[in-house]
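Asks: data.tsv is reproduced in full below (TSV, C-alpha atoms and all ligand atoms).
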```
chain	number	residue	atom	x	y	z
A	1	MET	CA	31.43	-78.42	-240.48
A	2	ILE	CA	28.62	-80.67	-239.28
A	3	ARG	CA	27.12	-79.62	-235.97
A	4	ASN	CA	24.73	-81.62	-233.78
A	5	ALA	CA	21.55	-79.96	-232.52
A	6	LYS	CA	23.30	-78.70	-229.37
A	7	GLY	CA	26.24	-77.41	-231.40
A	8	SER	CA	28.82	-80.09	-230.64
A	9	VAL	CA	31.12	-81.08	-233.49
A	10	ILE	CA	31.77	-84.72	-234.35
A	11	ARG	CA	34.77	-84.43	-236.66
A	12	PRO	CA	37.63	-81.95	-236.30
A	13	GLU	CA	38.09	-79.16	-238.79
A	14	PRO	CA	41.19	-79.06	-240.99
A	15	LEU	CA	43.98	-77.07	-239.33
A	16	PRO	CA	43.88	-73.31	-239.95
A	17	GLU	CA	45.85	-72.34	-243.03
A	18	SER	CA	49.36	-71.01	-242.56
A	19	ALA	CA	51.83	-69.66	-245.12
A	20	SER	CA	54.61	-70.72	-242.76
A	21	HIS	CA	55.15	-74.27	-241.60
A	22	PRO	CA	55.98	-75.87	-238.24
A	23	VAL	CA	59.66	-76.58	-237.54
A	24	VAL	CA	58.73	-79.65	-235.49
A	25	THR	CA	57.03	-82.75	-236.91
A	26	PRO	CA	53.32	-82.58	-236.04
A	27	LEU	CA	51.95	-85.48	-234.01
A	28	SER	CA	49.40	-87.40	-236.05
A	29	PRO	CA	47.46	-89.74	-233.75
A	30	SER	CA	44.76	-90.57	-236.30
A	31	VAL	CA	44.24	-94.33	-236.63
A	32	VAL	CA	42.32	-93.96	-239.88
A	33	TYR	CA	42.86	-91.84	-242.94
A	34	ALA	CA	39.98	-90.84	-245.17
A	35	SER	CA	40.36	-91.15	-248.94
A	36	GLU	CA	38.23	-89.22	-251.40
A	37	THR	CA	36.90	-92.06	-253.54
A	38	PRO	CA	37.10	-95.86	-253.89
A	39	ASP	CA	39.26	-95.30	-256.99
A	40	MET	CA	41.77	-93.34	-254.96
A	41	LEU	CA	41.78	-95.88	-252.14
A	42	ASP	CA	42.35	-98.61	-254.72
A	43	ALA	CA	45.30	-96.65	-256.11
A	44	GLN	CA	46.70	-96.27	-252.58
A	45	TYR	CA	46.52	-100.02	-251.96
A	46	ASP	CA	48.12	-100.64	-255.36
A	47	GLY	CA	50.93	-98.27	-254.44
A	48	ASP	CA	50.18	-95.90	-257.33
A	49	LEU	CA	49.17	-93.16	-254.89
A	50	GLN	CA	51.08	-92.47	-251.67
A	51	GLY	CA	48.66	-92.29	-248.76
A	52	TYR	CA	48.01	-93.73	-245.34
A	53	THR	CA	44.96	-95.90	-244.70
A	54	TYR	CA	44.92	-97.51	-241.26
A	55	GLY	CA	47.28	-96.96	-238.32
A	56	ARG	CA	48.48	-100.54	-238.05
A	57	GLU	CA	49.58	-100.42	-241.70
A	58	GLY	CA	51.66	-97.29	-241.24
A	59	GLN	CA	51.51	-93.69	-240.11
A	60	PRO	CA	53.59	-90.57	-240.71
A	61	ASN	CA	55.25	-90.29	-237.29
A	62	ALA	CA	56.58	-93.84	-237.57
A	63	ASP	CA	57.85	-93.22	-241.09
A	64	VAL	CA	59.71	-90.09	-240.01
A	65	VAL	CA	61.57	-92.10	-237.36
A	66	ALA	CA	62.19	-95.06	-239.69
A	67	ARG	CA	63.76	-92.79	-242.34
A	68	ARG	CA	66.08	-91.28	-239.70
A	69	LEU	CA	67.15	-94.76	-238.62
A	70	ASP	CA	67.63	-95.80	-242.25
A	71	ALA	CA	70.02	-92.89	-242.72
A	72	MET	CA	71.97	-93.80	-239.59
A	73	GLU	CA	72.30	-97.47	-240.56
A	74	GLY	CA	72.91	-96.94	-244.28
A	75	ALA	CA	69.64	-98.79	-244.91
A	76	THR	CA	66.48	-98.21	-246.92
A	77	GLY	CA	62.85	-98.87	-246.09
A	78	GLY	CA	63.31	-100.11	-242.50
A	79	VAL	CA	60.31	-100.96	-240.36
A	80	LEU	CA	59.50	-99.24	-237.07
A	81	THR	CA	57.86	-101.61	-234.58
A	82	GLY	CA	56.08	-101.29	-231.27
A	83	SER	CA	59.08	-102.56	-229.26
A	84	GLY	CA	62.55	-103.96	-229.68
A	85	MET	CA	61.15	-107.46	-229.14
A	86	ALA	CA	58.63	-106.83	-231.92
A	87	ALA	CA	61.62	-106.14	-234.20
A	88	VAL	CA	63.35	-109.34	-233.07
A	89	SER	CA	60.07	-111.21	-233.69
A	90	CYS	CA	59.84	-109.77	-237.22
A	91	ALA	CA	63.30	-111.06	-238.08
A	92	LEU	CA	62.75	-114.52	-236.63
A	93	MET	CA	59.06	-115.15	-237.24
A	94	GLY	CA	58.68	-113.03	-240.35
A	95	LEU	CA	61.53	-114.71	-242.22
A	96	LEU	CA	61.93	-118.27	-240.90
A	97	ARG	CA	59.66	-121.23	-241.62
A	98	ALA	CA	59.08	-124.70	-240.17
A	99	GLY	CA	62.10	-126.91	-240.82
A	100	ASP	CA	64.57	-124.01	-240.63
A	101	HIS	CA	67.31	-123.87	-238.03
A	102	VAL	CA	68.59	-120.69	-236.38
A	103	ILE	CA	71.67	-120.09	-234.23
A	104	GLY	CA	71.45	-117.48	-231.50
A	105	GLY	CA	74.25	-115.91	-229.51
A	106	SER	CA	74.27	-117.51	-226.06
A	107	THR	CA	74.38	-114.06	-224.44
A	108	LEU	CA	71.40	-112.55	-226.30
A	109	TYR	CA	68.86	-110.33	-224.56
A	110	GLY	CA	66.76	-112.46	-222.20
A	111	ARG	CA	63.49	-112.28	-224.15
A	112	SER	CA	65.29	-113.04	-227.42
A	113	LEU	CA	66.68	-116.16	-225.75
A	114	ARG	CA	63.19	-117.06	-224.59
A	115	LEU	CA	61.73	-116.60	-228.08
A	116	MET	CA	64.40	-118.97	-229.37
A	117	ALA	CA	64.03	-121.55	-226.61
A	118	GLU	CA	60.26	-121.55	-226.05
A	119	ASP	CA	58.42	-120.14	-229.05
A	120	LEU	CA	60.25	-120.89	-232.30
A	121	PRO	CA	60.29	-124.65	-231.55
A	122	ARG	CA	56.47	-124.58	-231.27
A	123	PHE	CA	56.42	-123.53	-234.92
A	124	GLY	CA	58.87	-126.22	-236.02
A	125	ILE	CA	61.93	-123.96	-236.07
A	126	ASP	CA	64.96	-125.50	-234.36
A	127	THR	CA	67.34	-123.32	-232.41
A	128	THR	CA	70.87	-123.68	-231.07
A	129	LEU	CA	72.76	-121.23	-228.86
A	130	ALA	CA	76.48	-120.64	-229.28
A	131	ASP	CA	79.07	-118.20	-227.92
A	132	PRO	CA	79.30	-115.43	-230.57
A	133	GLY	CA	82.89	-114.74	-229.50
A	134	ASP	CA	83.90	-118.31	-230.41
A	135	LEU	CA	83.74	-118.76	-234.18
A	136	ASP	CA	84.50	-122.49	-233.99
A	137	ALA	CA	81.56	-123.02	-231.64
A	138	VAL	CA	79.22	-121.16	-233.99
A	139	ALA	CA	80.56	-123.02	-237.06
A	140	ALA	CA	80.08	-126.34	-235.27
A	141	ALA	CA	76.41	-125.49	-234.67
A	142	ILE	CA	75.67	-124.95	-238.38
A	143	ARG	CA	73.42	-127.50	-240.07
A	144	PRO	CA	72.33	-127.78	-243.71
A	145	GLU	CA	69.01	-126.13	-242.76
A	146	THR	CA	70.58	-123.22	-240.81
A	147	ARG	CA	69.00	-120.05	-242.22
A	148	MET	CA	70.02	-117.35	-239.77
A	149	ILE	CA	72.50	-116.41	-237.06
A	150	LEU	CA	71.32	-113.75	-234.60
A	151	VAL	CA	73.87	-112.01	-232.39
A	152	GLU	CA	74.51	-108.85	-230.40
A	153	VAL	CA	77.87	-107.13	-230.84
A	154	VAL	CA	78.43	-106.47	-227.13
A	155	SER	CA	76.92	-108.91	-224.64
A	156	ASN	CA	74.90	-108.21	-221.53
A	157	PRO	CA	76.06	-107.92	-218.76
A	158	THR	CA	79.69	-109.00	-219.15
A	159	LEU	CA	80.23	-106.78	-222.24
A	160	ARG	CA	82.06	-109.46	-224.22
A	161	VAL	CA	82.55	-108.60	-227.90
A	162	ALA	CA	81.36	-110.95	-230.65
A	163	ASP	CA	83.67	-112.03	-233.47
A	164	MET	CA	81.74	-109.97	-236.01
A	165	GLN	CA	84.33	-110.26	-238.78
A	166	GLY	CA	84.50	-114.01	-238.44
A	167	LEU	CA	80.71	-114.35	-238.26
A	168	ALA	CA	80.23	-112.21	-241.39
A	169	ARG	CA	82.75	-114.34	-243.29
A	170	LEU	CA	81.16	-117.57	-242.07
A	171	CYS	CA	77.64	-116.44	-243.00
A	172	ALA	CA	78.74	-115.26	-246.45
A	173	GLU	CA	80.50	-118.58	-247.14
A	174	ARG	CA	77.58	-120.69	-245.98
A	175	GLY	CA	74.73	-118.59	-247.37
A	176	ILE	CA	73.31	-117.83	-243.91
A	177	LEU	CA	71.59	-114.57	-242.96
A	178	LEU	CA	73.51	-112.63	-240.32
A	179	ALA	CA	71.11	-110.67	-238.09
A	180	VAL	CA	72.64	-108.16	-235.68
A	181	ASP	CA	70.85	-106.66	-232.70
A	182	ASN	CA	72.71	-103.33	-232.65
A	183	THR	CA	71.00	-101.92	-229.53
A	184	PHE	CA	74.07	-101.68	-227.26
A	185	THR	CA	76.48	-100.47	-229.92
A	186	THR	CA	74.14	-98.16	-231.87
A	187	PRO	CA	74.99	-96.97	-235.40
A	188	ARG	CA	77.25	-94.33	-233.84
A	189	ALA	CA	79.75	-97.03	-232.81
A	190	TYR	CA	78.99	-99.85	-235.26
A	191	GLN	CA	77.10	-100.12	-238.54
A	192	PRO	CA	76.31	-103.79	-239.18
A	193	PHE	CA	75.62	-103.31	-242.92
A	194	ALA	CA	79.14	-101.93	-243.41
A	195	HIS	CA	80.46	-105.15	-241.85
A	196	GLY	CA	78.59	-107.80	-243.77
A	197	ALA	CA	75.34	-108.13	-241.81
A	198	ASP	CA	72.08	-108.90	-243.64
A	199	ILE	CA	69.62	-107.73	-241.01
A	200	VAL	CA	69.85	-104.94	-238.42
A	201	ILE	CA	67.63	-104.83	-235.33
A	202	HIS	CA	67.25	-102.12	-232.70
A	203	SER	CA	65.45	-101.61	-229.46
A	204	VAL	CA	64.82	-97.90	-230.10
A	205	THR	CA	63.56	-97.85	-226.50
A	206	LYS	CA	67.13	-97.65	-225.25
A	207	LEU	CA	69.83	-95.20	-226.37
A	208	LEU	CA	68.22	-94.04	-229.60
A	209	ALA	CA	65.05	-92.63	-228.04
A	210	GLY	CA	67.03	-92.26	-224.85
A	211	HIS	CA	64.56	-90.96	-222.27
A	212	SER	CA	62.84	-94.13	-220.96
A	213	ASP	CA	59.47	-92.88	-222.13
A	214	VAL	CA	58.81	-94.94	-225.28
A	215	LEU	CA	58.86	-98.60	-226.31
A	216	LEU	CA	59.89	-98.96	-229.96
A	217	GLY	CA	61.97	-101.13	-232.24
A	218	TYR	CA	63.35	-101.08	-235.75
A	219	VAL	CA	64.27	-103.82	-238.19
A	220	VAL	CA	65.64	-103.73	-241.72
A	221	ALA	CA	67.26	-106.15	-244.14
A	222	ARG	CA	69.80	-105.34	-246.79
A	223	ASP	CA	67.56	-107.18	-249.29
A	224	PRO	CA	64.36	-105.10	-249.80
A	225	ALA	CA	62.34	-108.27	-250.43
A	226	LEU	CA	63.18	-109.51	-246.91
A	227	THR	CA	62.35	-106.13	-245.39
A	228	GLU	CA	58.97	-106.28	-247.14
A	229	ARG	CA	58.26	-109.72	-245.63
A	230	MET	CA	59.08	-108.38	-242.18
A	231	ARG	CA	56.87	-105.32	-242.77
A	232	VAL	CA	53.92	-107.49	-243.78
A	233	PHE	CA	54.46	-109.73	-240.74
A	234	ALA	CA	54.58	-106.69	-238.44
A	235	VAL	CA	51.31	-105.35	-239.84
A	236	THR	CA	49.58	-108.74	-239.73
A	237	ALA	CA	50.77	-109.62	-236.21
A	238	GLY	CA	50.00	-106.11	-234.98
A	239	LEU	CA	53.55	-105.20	-233.98
A	240	SER	CA	52.97	-101.62	-235.10
A	241	PRO	CA	54.28	-98.57	-233.21
A	242	SER	CA	52.13	-95.84	-231.71
A	243	PRO	CA	52.24	-92.33	-233.20
A	244	PHE	CA	52.96	-90.74	-229.83
A	245	ASP	CA	55.88	-93.08	-229.09
A	246	SER	CA	57.20	-92.41	-232.59
A	247	TRP	CA	56.89	-88.68	-232.07
A	248	LEU	CA	58.71	-88.84	-228.72
A	249	ALA	CA	61.40	-91.03	-230.25
A	250	GLU	CA	62.03	-88.50	-233.00
A	251	ARG	CA	62.42	-85.82	-230.38
A	252	GLY	CA	64.82	-88.00	-228.39
A	253	MET	CA	66.84	-88.89	-231.47
A	254	LEU	CA	67.54	-85.24	-232.23
A	255	SER	CA	70.11	-85.33	-229.42
A	256	PHE	CA	71.23	-88.95	-229.87
A	257	ASP	CA	74.73	-88.23	-231.23
A	258	LEU	CA	75.51	-85.80	-228.43
A	259	ARG	CA	74.11	-88.10	-225.76
A	260	PHE	CA	75.99	-91.13	-227.05
A	261	ASP	CA	79.34	-89.37	-227.35
A	262	ARG	CA	79.01	-87.86	-223.93
A	263	ALA	CA	77.81	-91.04	-222.21
A	264	GLN	CA	80.48	-93.27	-223.73
A	265	ALA	CA	83.25	-90.82	-222.81
A	266	THR	CA	81.94	-90.67	-219.23
A	267	ALA	CA	81.65	-94.47	-219.18
A	268	ALA	CA	85.33	-94.77	-220.17
A	269	ALA	CA	86.29	-92.32	-217.40
A	270	LEU	CA	84.13	-94.17	-214.87
A	271	ALA	CA	85.70	-97.49	-215.91
A	272	ASP	CA	89.19	-96.07	-215.26
A	273	HIS	CA	88.05	-94.68	-211.92
A	274	LEU	CA	86.45	-97.94	-210.77
A	275	ALA	CA	89.43	-100.02	-211.96
A	276	ALA	CA	91.68	-98.02	-209.61
A	277	HIS	CA	89.24	-98.21	-206.67
A	278	PRO	CA	90.32	-100.46	-203.77
A	279	GLY	CA	86.69	-101.48	-203.13
A	280	VAL	CA	86.25	-102.88	-206.66
A	281	ALA	CA	87.33	-106.40	-207.60
A	282	ARG	CA	87.15	-105.95	-211.39
A	283	VAL	CA	85.76	-103.72	-214.09
A	284	LEU	CA	84.43	-104.71	-217.51
A	285	TYR	CA	84.52	-102.08	-220.25
A	286	PRO	CA	85.20	-103.13	-223.84
A	287	LEU	CA	87.91	-100.54	-224.49
A	288	HIS	CA	89.59	-100.89	-221.07
A	289	ASP	CA	93.10	-102.38	-220.96
A	290	SER	CA	91.90	-105.14	-218.62
A	291	HIS	CA	89.04	-106.31	-220.90
A	292	PRO	CA	89.59	-109.73	-222.51
A	293	ASP	CA	88.18	-108.51	-225.86
A	294	GLN	CA	89.87	-105.10	-225.92
A	295	ALA	CA	91.66	-105.67	-229.26
A	296	ARG	CA	88.45	-106.82	-230.93
A	297	ALA	CA	86.52	-103.92	-229.43
A	298	ARG	CA	89.09	-101.44	-230.77
A	299	ALA	CA	88.94	-102.99	-234.23
A	300	LEU	CA	85.13	-103.01	-234.35
A	301	LEU	CA	84.16	-99.93	-232.41
A	302	GLY	CA	87.16	-97.65	-232.91
A	303	ALA	CA	87.36	-95.01	-230.23
A	304	GLN	CA	83.63	-95.29	-229.49
A	305	GLY	CA	83.19	-97.77	-226.70
A	306	CYS	CA	79.69	-97.94	-225.37
A	307	ASN	CA	77.90	-96.36	-222.43
A	308	MET	CA	77.83	-99.59	-220.45
A	309	VAL	CA	80.28	-100.49	-217.69
A	310	SER	CA	80.06	-103.53	-215.44
A	311	PHE	CA	81.97	-104.01	-212.22
A	312	GLU	CA	82.18	-106.22	-209.19
A	313	LEU	CA	82.35	-105.04	-205.59
A	314	LEU	CA	85.31	-106.57	-203.79
A	315	GLY	CA	83.95	-109.48	-201.72
A	316	GLY	CA	80.44	-108.27	-202.48
A	317	ASP	CA	77.50	-110.20	-201.02
A	318	ARG	CA	73.75	-109.45	-201.15
A	319	ALA	CA	73.93	-107.20	-198.07
A	320	SER	CA	76.66	-105.04	-199.58
A	321	ALA	CA	74.80	-104.96	-202.92
A	322	ASN	CA	71.71	-103.68	-201.06
A	323	ALA	CA	73.83	-101.08	-199.29
A	324	PHE	CA	75.34	-100.02	-202.62
A	325	THR	CA	72.02	-99.30	-204.38
A	326	ARG	CA	70.64	-97.63	-201.25
A	327	ALA	CA	73.64	-95.29	-201.06
A	328	ALA	CA	73.84	-94.62	-204.82
A	329	ASP	CA	71.92	-91.39	-204.47
A	330	GLY	CA	70.36	-90.08	-207.67
A	331	LEU	CA	71.03	-93.22	-209.70
A	332	SER	CA	68.04	-95.40	-210.55
A	333	PHE	CA	68.26	-99.09	-209.75
A	334	ALA	CA	66.12	-100.01	-212.74
A	335	PRO	CA	66.20	-102.72	-215.40
A	336	THR	CA	66.86	-100.66	-218.51
A	337	LEU	CA	69.72	-98.90	-220.26
A	338	GLY	CA	70.43	-95.90	-222.42
A	339	ASP	CA	68.47	-93.39	-220.36
A	340	VAL	CA	69.62	-89.77	-219.83
A	341	GLY	CA	70.16	-90.71	-216.18
A	342	THR	CA	72.59	-93.39	-215.06
A	343	THR	CA	70.86	-96.66	-214.20
A	344	LEU	CA	72.13	-99.68	-212.28
A	345	SER	CA	71.18	-103.27	-212.74
A	346	HIS	CA	72.02	-106.25	-210.58
A	347	PRO	CA	71.92	-109.34	-212.81
A	348	ALA	CA	72.03	-111.85	-209.91
A	349	SER	CA	68.62	-110.62	-208.71
A	350	SER	CA	67.11	-109.78	-212.13
A	351	SER	CA	68.15	-110.85	-215.66
A	352	HIS	CA	70.17	-113.85	-214.47
A	353	ARG	CA	68.22	-114.85	-211.37
A	354	GLY	CA	66.81	-117.94	-213.10
A	355	LEU	CA	70.26	-119.35	-213.87
A	356	PRO	CA	71.64	-122.07	-211.60
A	357	GLU	CA	74.23	-120.50	-209.29
A	358	ALA	CA	77.12	-122.44	-210.82
A	359	ASP	CA	76.25	-121.15	-214.34
A	360	ARG	CA	75.92	-117.63	-213.00
A	361	LEU	CA	79.29	-117.78	-211.30
A	362	ALA	CA	80.86	-119.24	-214.44
A	363	LEU	CA	79.81	-116.00	-216.17
A	364	GLY	CA	81.36	-114.06	-213.28
A	365	ILE	CA	77.96	-112.82	-212.10
A	366	THR	CA	78.35	-112.72	-208.34
A	367	GLU	CA	76.17	-110.91	-205.78
A	368	GLY	CA	78.60	-107.97	-206.01
A	369	PHE	CA	78.26	-107.67	-209.81
A	370	PHE	CA	76.55	-104.55	-211.18
A	371	ARG	CA	75.91	-103.32	-214.70
A	372	VAL	CA	75.92	-99.56	-215.13
A	373	SER	CA	74.25	-97.71	-218.01
A	374	VAL	CA	76.03	-94.38	-217.89
A	375	GLY	CA	73.88	-91.31	-218.49
A	376	LEU	CA	74.56	-87.63	-218.83
A	377	GLU	CA	75.75	-86.71	-215.33
A	378	ASP	CA	79.15	-85.00	-215.09
A	379	ALA	CA	81.93	-87.59	-214.79
A	380	ASP	CA	83.11	-86.10	-211.48
A	381	THR	CA	79.60	-86.11	-210.02
A	382	LEU	CA	79.23	-89.75	-211.00
A	383	LYS	CA	82.62	-90.75	-209.56
A	384	GLY	CA	81.62	-89.09	-206.28
A	385	ILE	CA	78.34	-91.01	-206.14
A	386	PHE	CA	80.12	-94.31	-206.84
A	387	ASP	CA	82.82	-93.62	-204.23
A	388	HIS	CA	80.14	-92.94	-201.64
A	389	ALA	CA	78.09	-96.03	-202.56
A	390	ILE	CA	81.15	-98.29	-202.64
A	391	SER	CA	82.20	-97.21	-199.16
A	392	ALA	CA	78.65	-97.81	-197.93
A	393	ALA	CA	78.81	-101.31	-199.45
A	394	THR	CA	82.24	-101.96	-197.94
A	395	SER	CA	81.21	-100.95	-194.42
A	396	GLU	CA	78.03	-103.06	-194.67
A	397	ARG	CA	80.16	-106.10	-195.39
A	398	ARG	CA	82.39	-105.58	-192.31
A	401	LIG	C1	65.89	-103.98	-224.45
A	401	LIG	C2	66.48	-104.82	-225.50
A	401	LIG	C3	65.68	-105.53	-226.41
A	401	LIG	C4	64.17	-105.48	-226.32
A	401	LIG	O1	63.71	-104.20	-226.58
A	401	LIG	P1	62.26	-103.69	-226.02
A	401	LIG	O2	62.16	-102.36	-226.67
A	401	LIG	O3	62.38	-103.64	-224.54
A	401	LIG	O4	61.26	-104.66	-226.48
A	401	LIG	C5	66.28	-106.30	-227.37
A	401	LIG	N1	67.63	-106.38	-227.45
A	401	LIG	C6	68.44	-105.72	-226.60
A	401	LIG	C7	69.90	-105.86	-226.74
A	401	LIG	C8	67.89	-104.93	-225.59
A	401	LIG	O5	68.70	-104.29	-224.74
```
Produce structure tokens that represent the structure in this file.

Replies:
Amino acid sequence: MIRNAKGSVIRPEPLPESASHPVVTPLSPSVVYASETPDMLDAQYDGDLQGYTYGREGQPNADVVARRLDAMEGATGGVLTGSGMAAVSCALMGLLRAGDHVIGGSTLYGRSLRLMAEDLPRFGIDTTLADPGDLDAVAAAIRPETRMILVEVVSNPTLRVADMQGLARLCAERGILLAVDNTFTTPRAYQPFAHGADIVIHSVTKLLAGHSDVLLGYVVARDPALTERMRVFAVTAGLSPSPFDSWLAERGMLSFDLRFDRAQATAAALADHLAAHPGVARVLYPLHDSHPDQARARALLGAQGCNMVSFELLGGDRASANAFTRAADGLSFAPTLGDVGTTLSHPASSSHRGLPEADRLALGITEGFFRVSVGLEDADTLKGIFDHAISAATSERR
């Protein structure tokens, strides 16, 4: 150990030896890793020796999470990124080049839409949006230079279900990469690689990490050469994850299966409850009898729905929407999803506020429309909170 004159130590000591080992992954915040000699560093860069070098290039906490996600998606060598949008960026900007054309689902996550509309064109990549539930519309958008189709299985906030079988067939026939943002569905309900996808993307921030305390993403291709290109792009562009976020995500993922099963079962029960409520105009839940894509949802997702439910207050206006969130005690009115606690979002004032009113109404997004990300509260507790908030909204309107 090197000590300064006053006894302070510059570099930490190696950890004390232990014949036993920790049962929890240690957090490794080191940004740099010291090699013994230039020869050994050379061998590391050549891939002949396994070893970390610099945090942006990779670190153990990220790799632990990536290997877990690989196992869940039936993938190998996936890349953990600093956010879900970093993963989307890897797929689009790491794989496409000027002159390529990409088709995006018209109901993609807002920032993915923005990347398509504002950023890819600046690099000479043309984009078209099409309804992923309408195979003819997607097919009509294909050009000779179409390289990729990016979709989400379940759309936000109307929870429409994409024609995944049709899209997989179309992409295979036309030699187009099918990229699936599997954030809403998660590998528990849907595994894109088992259904013909070429690229899988996650915002790990949401259900997988599950506690609203990390921003992370994950991306992997079925073809290892494509995954490698995305990994190199992530490292070069600095889309790398932090060790602490990775460590927290691993901890969150330990309970992912339990959380998902519980939340989706409660979501189904809440959907039934809201559908029967006199203060509710309509409910959207993919597996509910009233959902326009119920048959497709059953075929794709089996008994696992998702933890998201959307609904519309009967005759809801802004005043009743305000009254609803105010009275929804214990639920966060917050723009995220997949947290342990139930969260509410109001698309008319947030994700869809920029849309012209006519377009918003065409999607069915009125002032009374809410999206609910169901958490881990007891179903009965949740029903009670909703009943109370709906009556508050109803009396506000009168
Ligand atoms: C949140 C989200 C993203 C972006 O993920 P971040 O981790 O917030 O960057 C992408 N796609 C979907 C479907 C999302 O819900």

Asks: Could you tell me, counting only C-alpha atoms and all ligand atoms, which protein and nucleic acid residues lie no more than 9 Å from ligand LIG 401 (chain A), written as a PyMOL selection string?

Replies: chain A and resi 82-88+108-112+152+154-156+181-184+201-206+214-217+336-338

Asks: Could the residues in this selection be saved with C-alpha atoms as a tab-separated table (two decimals), keeping the file's coordinate frame?

Replies:
```
chain	number	residue	atom	x	y	z
A	82	GLY	CA	56.08	-101.29	-231.27
A	83	SER	CA	59.08	-102.56	-229.26
A	84	GLY	CA	62.55	-103.96	-229.68
A	85	MET	CA	61.15	-107.46	-229.14
A	86	ALA	CA	58.63	-106.83	-231.92
A	87	ALA	CA	61.62	-106.14	-234.20
A	88	VAL	CA	63.35	-109.34	-233.07
A	108	LEU	CA	71.40	-112.55	-226.30
A	109	TYR	CA	68.86	-110.33	-224.56
A	110	GLY	CA	66.76	-112.46	-222.20
A	111	ARG	CA	63.49	-112.28	-224.15
A	112	SER	CA	65.29	-113.04	-227.42
A	152	GLU	CA	74.51	-108.85	-230.40
A	154	VAL	CA	78.43	-106.47	-227.13
A	155	SER	CA	76.92	-108.91	-224.64
A	156	ASN	CA	74.90	-108.21	-221.53
A	181	ASP	CA	70.85	-106.66	-232.70
A	182	ASN	CA	72.71	-103.33	-232.65
A	183	THR	CA	71.00	-101.92	-229.53
A	184	PHE	CA	74.07	-101.68	-227.26
A	201	ILE	CA	67.63	-104.83	-235.33
A	202	HIS	CA	67.25	-102.12	-232.70
A	203	SER	CA	65.45	-101.61	-229.46
A	204	VAL	CA	64.82	-97.90	-230.10
A	205	THR	CA	63.56	-97.85	-226.50
A	206	LYS	CA	67.13	-97.65	-225.25
A	214	VAL	CA	58.81	-94.94	-225.28
A	215	LEU	CA	58.86	-98.60	-226.31
A	216	LEU	CA	59.89	-98.96	-229.96
A	217	GLY	CA	61.97	-101.13	-232.24
A	336	THR	CA	66.86	-100.66	-218.51
A	337	LEU	CA	69.72	-98.90	-220.26
A	338	GLY	CA	70.43	-95.90	-222.42
```

Asks: Kindly give the distance, in Å, that separates atom CA of A:Glu173 and atom CA of A:Cys90, rounded to a single decimal.

Replies: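 Between atom CA of A:Glu173 and atom CA of A:Cys90 the gap is 24.6 Å.
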
Asks: Pick out the residues sitting within 10 Å of A:Val283, and hand them over as a list of chain:residue names; count all atoms listed in the file, and ignore anything fewer than 4 positions along from it in its own chain.

Replies: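 So the residues in contact are A:Thr158, A:Leu270, A:Ala271, A:Asp272, A:His273, A:Leu274, A:Ala275, A:Ala276, A:His277, A:His288, A:Ser290, A:His291, A:Val309, A:Ser310, A:Phe311, A:Glu312, A:Leu313, A:Phe369, A:Phe370, A:Arg371.
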
Asks: Could you pull the residues within 7 Å of A:Leu287, counting all atoms listed in the file, minus those fewer than 2 positions along the same chain, as a list in words?

Replies: Tyr285, Asp289, His291, Gln294, Ala297, Arg298 and Gly305 of chain A

Asks: How many Å lie between atom CA of A:Ile390 and atom CA of A:Phe324, rounded to one decimal?

Replies: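 That distance, rounded to one decimal, is 6.1 Å.
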
Asks: Atom CA of A:Leu96 to atom CA of A:Val138: how many Å, to one decimal?

Replies: 18.8 Å

Asks: Between A:Leu115, A:Thr381, A:His211, A:Gln50, which is the closest to A:Ser255 once you count all atoms listed in the file?

Replies: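 Closest to A:Ser255 of all the choices is A:His211.
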
Asks: Pick out the residues sitting within 7 Å of stretch 125-135 of chain A, and hand them over as an mmCIF file with C-alpha atoms, in the coordinates of the input; count only C-alpha atoms, and ignore anything fewer than 2 positions along from it in its own chain.

Replies:
```
data_model
loop_
_atom_site.group_PDB
_atom_site.id
_atom_site.type_symbol
_atom_site.label_atom_id
_atom_site.label_comp_id
_atom_site.auth_asym_id
_atom_site.auth_seq_id
_atom_site.Cartn_x
_atom_site.Cartn_y
_atom_site.Cartn_z
ATOM 1 C CA ARG A 97 59.660 -121.230 -241.620
ATOM 2 C CA ALA A 98 59.080 -124.700 -240.170
ATOM 3 C CA GLY A 99 62.100 -126.910 -240.820
ATOM 4 C CA ASP A 100 64.570 -124.010 -240.630
ATOM 5 C CA HIS A 101 67.310 -123.870 -238.030
ATOM 6 C CA VAL A 102 68.590 -120.690 -236.380
ATOM 7 C CA ILE A 103 71.670 -120.090 -234.230
ATOM 8 C CA GLY A 104 71.450 -117.480 -231.500
ATOM 9 C CA GLY A 105 74.250 -115.910 -229.510
ATOM 10 C CA SER A 106 74.270 -117.510 -226.060
ATOM 11 C CA MET A 116 64.400 -118.970 -229.370
ATOM 12 C CA ALA A 117 64.030 -121.550 -226.610
ATOM 13 C CA LEU A 120 60.250 -120.890 -232.300
ATOM 14 C CA PRO A 121 60.290 -124.650 -231.550
ATOM 15 C CA PHE A 123 56.420 -123.530 -234.920
ATOM 16 C CA ALA A 137 81.560 -123.020 -231.640
ATOM 17 C CA VAL A 138 79.220 -121.160 -233.990
ATOM 18 C CA ALA A 139 80.560 -123.020 -237.060
ATOM 19 C CA ALA A 141 76.410 -125.490 -234.670
ATOM 20 C CA VAL A 151 73.870 -112.010 -232.390
ATOM 21 C CA VAL A 161 82.550 -108.600 -227.900
ATOM 22 C CA ALA A 162 81.360 -110.950 -230.650
ATOM 23 C CA ASP A 163 83.670 -112.030 -233.470
ATOM 24 C CA GLY A 166 84.500 -114.010 -238.440
ATOM 25 C CA LEU A 167 80.710 -114.350 -238.260
#
```
